[in-house]
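Only one structure is covered here, and it is reproduced in the block below.
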Amino acid sequence: MDKKFEFKIGEKNLEFKITNLAERANGEIMVRYGDTQVLATSTMSENEAVGLDYFPLSVNHEERYYAAGKILGSRYIKREGKPSDNATAISRLIDRTIRPLFDKSFKREVQVIVTCLSWDEENDPDILGILGASLSLLLSDIPWEGPLGAVRIGIKDEKLILNPTYQEREESALDIVFSGIKRNGEILINMIEASAKEAKEELILEAVKLARPEIERLIELQEAIRKEFGKEKIVVEKKEEPELKASVSNFLGDKIESILSNKSGVVSEREGMERAKKIDGLQKELIEYIKTEYSGKEALAKGFFEEKVNEIVHEKAIKNGERVDGRKLDELRKISCEVGLIPRTHGSGLFCRGLTKSLSILTLGGPGERQLIEGMEIMEKKRFLHHYNFPPYSTGEVKRLASPSRREIGHGMLAERALLTIIPEFDDFPYTIRIVSEILCSNGSSSMASVCSSCLALMDAGVPIKKPISGIAVGLMTKEGAYLTDHSLKDTDYKLLTDIQGPEDFHGDMDFKVAGTRDGITALQMDVKILGIGEKVLKEALLRGKKARLEILDLLEKTIEKPREKLSPFAPKIYKLQIPTEKIGEVIGPKGNTIKRIIEETGATIDIEETGMVFITSQDEDSAKRAVEFIKNITREVKIGEIFLGKVKKVLNFGAFLELGFGQEGLLHSSRTKEPLQMGEKVSVKVISIDEQGRVNLDLEKPFKKYVKRGEDR
């Protein structure tokens with residue numbers, strides 16, 4: 001059974017194809033846009049996972065090199081290995097859109113796999129992955145509250161466009177993805193991912209206005225397909241357990257309320273952490289009590305406990321405008337900054353927002369240290385890298401150290417996108433830049449803290465950034481059962497919280513991260529735990545983020561107003577030298593012997609571009625300058641009439657070849673010498689002609705001078 005459904009979006013047709021290829025999956029769909037095509041499958045385990053207090057969902061975007069017609073890998077391994085950072089980012093993107101639409105009480109394992117089968121070098125498979133995940137779940141018997149639609153918005157010729165190509169995205173000042181669902185006849189946005197070149201808040205709102213009707217059309221198409229091909233959903237058995245719930249409620253009484261009470265007004269974060277410990281302790285007491293009275297129902301009791309905490313935290317914020325630590329709704333935590341903390345590094349910055357502390361350390365390298373990325377979608381050399389580490393001690397935990405998690409990769413990429421706009425162009429600053437953000441202590445919004453500490457590290461290192469940048473996270477508390485649709489929204493239905501800390505992030509309904517300069521947004525990411533938000537809440541969140549962003553920028557600039565005038569003495573020195581492209585081969589030499597000799601004699605690193613631009617990198621300034629002189633001598637144009645002290649390099653029966661400088665040779669014909677020359681002798685010679693092939697002919701300088709006899713210096 002094959003049936004196609006086509007839908008025009010942007011400049012191309014989007015195609016959904018019903019097949020029975022992955023017949024044993026609960027749901028499957030082929031999605032194609034241009035010649036980019038993905039297979040999305042959704043599979044559910046037969047039995048419920050026992051003892052879990054979370055929903056066991058896994059989402060994977062699988063890149064296949066064959067999709068791009070490539071055979072990649074090492075000499076010995078020619079297959080895909082661990083997921084690329086790009087594949088990880090797409091997996092997270094899909095996960096963030098579909099996860100809020102599952103019933104929290106559902107405990108069967110669900111796995112969504114999106115495999116890219118074909119890639120046309122124009123259209124990104126990420127949007128297809130979101131749509132494929134949505135429709136495969138919708139057609140399956142897996143209980144899910146979709147469908148959802150997703151589009152990408154860019155700018156071309158100063159106009160917003162739908163689903164731009166890679167090239168159009170490169171040239172666009174905005175690259176933003178929206179996903180959303182339909183409730184009460186209105187589209188709610190439930191996920192945003194954006195990078196921008198200082199976009200105004202108004203532009204983001206224009207983009208969402210363009211996206212919402214397209215999302216609605218995509219949802220309607222999926223609903224039509226479901227009516228024809230969808231399976232009947234299994235029923236989620238809700239374990240109400242009224243007796244257990246009543247027992248939990250009786251045990252707790254007003255204990256949670258008394259722990260979270262803010263009678264004294266604003267409390268320190270440490271006191272807030274102590275409260276969190278008391279809450280954890282209370283939960284452990286409850287579980288021990290349940291073990292004796294209702295053995296085997298500990299996970300359910302824990303769920304009831306979390307519901308109660310959520311209820312109290314939400315009620316305090318919405319009814320009383322009261323936060324966990326007593327701050328005002330738009331108030332930042334105490335911020336402190338410092339630069340130049342770490343000796344011998346090229347730059348460092350510490351940013352502390354309350355208990356969240358991020359230390360960013362910057363390293364500069366030459367052009368040859370750029371990261372070579374080979375993947376299904378990407379073949380490039382990256383010169384700016386930001387990495388984010390979240391060690392277990394940052395949350396006071398003991399865990400096994402492993403390779404970077406999906407979260408660490410995702411947060412690192414978010415901060416990298418935010419910072420990229422302010423990084424100087426390669427022609428102006430030809431360094432490879434790597435920043436590592438170590439989260440030393442975490443209590444919410446650590447990814448945006450890493451943006452701030454990285455900005456400090458850039459300025460401390462003397463990197464001539466275009467403008468300072470900062471980031472902030474805005475949270476949301478909503479009234480239970482309220483849809484945040486614009487036509488039914490009431491002020492009593494929700495409250496926005498600036499600079500959310502740990503408990504507000506965990507118990508809250510939205511994480512709205514926004515980074516940018518004084519002039520606009522450079523990165524934006526939104527996740528929700530509710531169904532979604534409308535334009536009114538989005539606009540308020542953008543304005544709240546802008547206000548906080550500017551406050552933080554004031555504090556950053558008080559710490560260091562602008563980038564330092566000079567680079568660290570421990571940073572490498574880079575010299576640029578433009579040579580004619582036809583001289584590249586001469587600098588490299590046969591089998592690379594010439595460039596190897598320069599590197600060995602000077603200790604400098606040399607990188608040559610196809611344009612003839614040469615970069616000489618060295619920790620030692622003198623060695624870099626010597627390498628520059630070597631290359632200048634090799635590439636200089638010899639002129640008629642110039643006089644050189646030549647060294648005999650080869651003697652033949654018709655004359656001798658003399659080395660005039662590093663890599664330069666000339667022929668002194670035997671008819672111009674009274675006696676034969678010997679190897680190693682140095683004589684003063686004059687250029688008398690240069691033929692069409694660039695060969696240099698010499699004559700003895702008058703009066704004749706012989707500096708070396710029998711190869712030995714006098």
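All residue names refer to the structure tokens as shown: chains lettered A, B, ... in order, residues numbered from 1 in each chain, ligands numbered from 1 in order.
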Considering only C-alpha atoms, return as a list in words whatever protein or nucleic-acid residues lie within 10 Å of Ile181 (chain A), sequence-local ones (same chain, fewer than 2 positions apart) excluded.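 Those residues are Thr97, Leu101, Glu145, Gly146, Pro147, Leu148, Gly149, Ala150, Ser179, Arg183, Gly185, Glu186, Ile187, Leu188, Ile189, Asn190, Met191, Arg212, Ile215, Glu216, Leu218, Ile219, Leu531, Gly532 and Ile533 of chain A.
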Do you know which residues are at most 7 Å from region 28-40 of chain A counting only C-alpha atoms, after dropping those on the same chain fewer than 2 positions away, and could you put them as a PyMOL selection string? chain A and resi 12-19+22+25+42+113-120+123+125+128-129+132-133+135-136
Can I get the selected residues back with C-alpha atoms, as a PDB file, in the first residue's frame?
ATOM      1  CA  LYS A  12       8.306  23.235  -3.073  1.00  0.00           C
ATOM      2  CA  ASN A  13       5.853  20.437  -2.457  1.00  0.00           C
ATOM      3  CA  LEU A  14       5.934  18.582   0.829  1.00  0.00           C
ATOM      4  CA  GLU A  15       5.053  14.918   0.344  1.00  0.00           C
ATOM      5  CA  PHE A  16       3.742  12.448   2.925  1.00  0.00           C
ATOM      6  CA  LYS A  17       3.843   8.855   1.698  1.00  0.00           C
ATOM      7  CA  ILE A  18       2.000   6.014   3.434  1.00  0.00           C
ATOM      8  CA  THR A  19       3.918   2.730   3.114  1.00  0.00           C
ATOM      9  CA  ALA A  22       8.471  -0.624   8.545  1.00  0.00           C
ATOM     10  CA  ALA A  25       6.596  -0.366  13.974  1.00  0.00           C
ATOM     11  CA  SER A  42       7.282   5.273  16.215  1.00  0.00           C
ATOM     12  CA  ILE A 113      13.535   7.068  15.021  1.00  0.00           C
ATOM     13  CA  VAL A 114      13.903   9.383  12.037  1.00  0.00           C
ATOM     14  CA  THR A 115      16.302   8.106   9.361  1.00  0.00           C
ATOM     15  CA  CYS A 116      17.483  10.440   6.616  1.00  0.00           C
ATOM     16  CA  LEU A 117      17.445   8.366   3.420  1.00  0.00           C
ATOM     17  CA  SER A 118      18.178  11.120   0.907  1.00  0.00           C
ATOM     18  CA  TRP A 119      19.663  14.602   1.187  1.00  0.00           C
ATOM     19  CA  ASP A 120      19.639  17.072  -1.704  1.00  0.00           C
ATOM     20  CA  ASN A 123      16.691  21.256   2.245  1.00  0.00           C
ATOM     21  CA  PRO A 125      15.916  17.202   7.164  1.00  0.00           C
ATOM     22  CA  LEU A 128      10.873  16.787   7.952  1.00  0.00           C
ATOM     23  CA  GLY A 129      11.931  14.937  11.105  1.00  0.00           C
ATOM     24  CA  GLY A 132       7.509  12.732  10.343  1.00  0.00           C
ATOM     25  CA  ALA A 133       7.602  12.129  14.091  1.00  0.00           C
ATOM     26  CA  LEU A 135       2.479  11.892  11.712  1.00  0.00           C
ATOM     27  CA  SER A 136       4.040   8.524  12.612  1.00  0.00           C
TER      28      SER A 136
END
Sel. of strand (DSSP E) residues, region 116-256 of chain A, as a PyMOL selection string: chain A and resi 116-118+149-156+159-162+174-183+186-199
Could you work out how far CA of Thr41 (chain A) lies from CA of Lys3 (chain A), giving the answer in Å with one decimal?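 CA of Lys3 (chain A) sits 16.8 Å away from CA of Thr41 (chain A).
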Could you build a table of the residues in region 190-285 of chain A lying no more than 12 Å from region 492-516 of chain A, giving for each the nearest pair of atoms and their separation in Å rounded to one decimal place, using only C-alpha atoms, ordered by chain and ascending residue number, as a tab-separated table?
residue	atom	partner	partner_atom	distance
A:Asn190	CA	A:Met510	CA	9.2
A:Met191	CA	A:Phe512	CA	9.6
A:Ile192	CA	A:Phe512	CA	8.9
A:Glu193	CA	A:Lys513	CA	9.7
A:Ala194	CA	A:Val514	CA	9.4
A:Ser195	CA	A:Ala515	CA	9.5
A:Ala196	CA	A:Gly516	CA	8.9
A:Lys197	CA	A:Gly516	CA	8.9
A:Glu198	CA	A:Gly516	CA	6.6
A:Ala199	CA	A:Gly516	CA	8.6
A:Lys200	CA	A:Gly516	CA	9.8
A:Glu201	CA	A:Val514	CA	10.6
A:Ile204	CA	A:Val514	CA	11.7
A:Leu260	CA	A:Pro503	CA	11.0
A:Glu269	CA	A:Gln501	CA	9.0
A:Arg270	CA	A:Gln501	CA	11.9
A:Gly272	CA	A:Pro503	CA	9.2
A:Met273	CA	A:Gly502	CA	9.2
A:Arg275	CA	A:Pro503	CA	10.3
A:Ala276	CA	A:Pro503	CA	7.9
A:Lys277	CA	A:Pro503	CA	11.4
A:Ile279	CA	A:Pro503	CA	10.8
A:Asp280	CA	A:Pro503	CA	11.8
Residues within 10 Å of Arg323 (chain A), only C-alpha atoms, excluding chain neighbours under 5 positions, as a PyMOL selection string: chain A and resi 260-262+265-266+313-318+328-329+497+500+503-504
Write a file of the just-selected residues containing C-alpha atoms, as a CSV table (one decimal), in the first residue's frame.
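The resulting file, again-v6.csv, is reproduced below:
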chain,number,residue,atom,x,y,z
A,260,LEU,CA,8.2,27.0,51.0
A,261,SER,CA,6.6,29.9,52.9
A,262,ASN,CA,8.3,33.3,52.4
A,265,GLY,CA,10.5,38.2,52.2
A,266,VAL,CA,13.5,37.7,50.0
A,313,VAL,CA,4.7,26.7,43.5
A,314,HIS,CA,2.2,27.6,40.8
A,315,GLU,CA,-0.4,28.9,43.2
A,316,LYS,CA,2.2,31.2,45.0
A,317,ALA,CA,3.3,32.7,41.6
A,318,ILE,CA,0.0,33.1,39.9
A,328,LYS,CA,9.9,40.2,42.2
A,329,LEU,CA,8.7,38.5,39.0
A,497,LEU,CA,9.4,34.9,35.8
A,500,ILE,CA,14.5,31.3,36.6
A,503,PRO,CA,13.0,24.8,41.3
A,504,GLU,CA,11.3,27.3,39.0
Closest of A:Lys576, A:Leu667, A:Asp519, A:Ser689 to Glu629 (chain A) - atom-to-atom distances counting only C-alpha atoms: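 Residue with the minimum atom-to-atom distance to Glu629 (chain A): A:Lys576.
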Quick one: which region 385-452 of chain A residues come within 8 Å of region 73-92 of chain A, and what is the nearest atom pair for each with the distance in Å to one decimal, counting only C-alpha atoms, rows ordered by chain and ascending number, as a tab-separated table?
residue	atom	partner	partner_atom	distance
A:Arg406	CA	A:Thr88	CA	6.4
A:Ile409	CA	A:Asp85	CA	6.7
A:Gly410	CA	A:Ala89	CA	5.9
Go ahead and save the picked residues with C-alpha atoms, as a short mmCIF file (atom, residue, chain, number, x, y, z; two decimals), in the first residue's frame.
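This is the output file result_2.cif:
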data_model
loop_
_atom_site.label_atom_id
_atom_site.label_comp_id
_atom_site.auth_asym_id
_atom_site.auth_seq_id
_atom_site.Cartn_x
_atom_site.Cartn_y
_atom_site.Cartn_z
CA ARG A 406 23.08 15.36 24.59
CA ILE A 409 26.20 19.21 23.30
CA GLY A 410 22.92 21.08 22.84
#
Distance criterion (only C-alpha atoms): nearest to Tyr294 (chain A) out of A:Ala224, A:Leu52, A:Val248, A:Leu700: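 Once distances to Tyr294 (chain A) are computed over only C-alpha atoms, the minimum belongs to A:Val248.
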Residue set, region 344-477 of chain A restricted to helix (DSSP H, G or I), as a ChimeraX atom specification: /A:367-369,392-395,406-420,446-461
Restricting the calculation to only C-alpha atoms: of A:Gly154, A:Gly412, A:Pro464, A:Pro590, which residue gets closest to Glu425 (chain A)?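 Among A:Gly154, A:Gly412, A:Pro464, A:Pro590, it is A:Pro464 that comes nearest to Glu425 (chain A).
Comparing the minimum interatomic distances between Ile598 (chain A) and each of A:Lys702, A:His411, A:Lys632, A:Lys583, counting only C-alpha atoms, we find that A:Lys632 sits nearest.
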Neighbouring residues of Tyr388 (chain A) were defined as those with any atom within 6 Å, considering only C-alpha atoms; residues of the same chain fewer than 3 positions away were excluded. Please report them as a list in words. Glu408, Gly412, Val436 and Ser437 of chain A
Which value, in Å to one decimal, gives the distance between CA of Val687 (chain A) and CA of Arg672 (chain A)? 12.6 Å
Have a look at CA of Lys245 (chain A) and CA of Lys529 (chain A) and let me know their distance in Å, one decimal. 23.3 Å
Residue contacts of Arg152 (chain A) (9 Å, only C-alpha atoms) excluding same-chain residues fewer than 5 positions away, as a CSV table (one decimal) with C-alpha atoms, in the first residue's frame:
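Saved the output as part-v2.csv:
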chain,number,residue,atom,x,y,z
A,127,ILE,CA,11.7,20.0,9.7
A,161,ILE,CA,10.2,33.4,3.4
A,162,LEU,CA,9.1,29.8,4.3
A,163,ASN,CA,11.6,26.9,4.5
A,164,PRO,CA,14.6,28.6,3.0
A,175,ASP,CA,16.9,31.5,10.8
A,176,ILE,CA,14.0,30.4,13.1
A,177,VAL,CA,12.0,27.2,13.5
A,178,PHE,CA,8.5,27.2,15.0
A,179,SER,CA,6.4,24.1,15.9
A,211,ALA,CA,4.3,30.6,10.6
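Each of A:Arg544, A:Arg695, A:Arg564, A:Lys182 was compared to Tyr483 (chain A) using only C-alpha atoms, and A:Lys182 turns out to be the nearest.
In this comparison, which uses only C-alpha atoms, the residue of A:Phe390, A:Tyr431, A:Phe229, A:Phe426 approaching Ser446 (chain A) most closely is A:Phe390.
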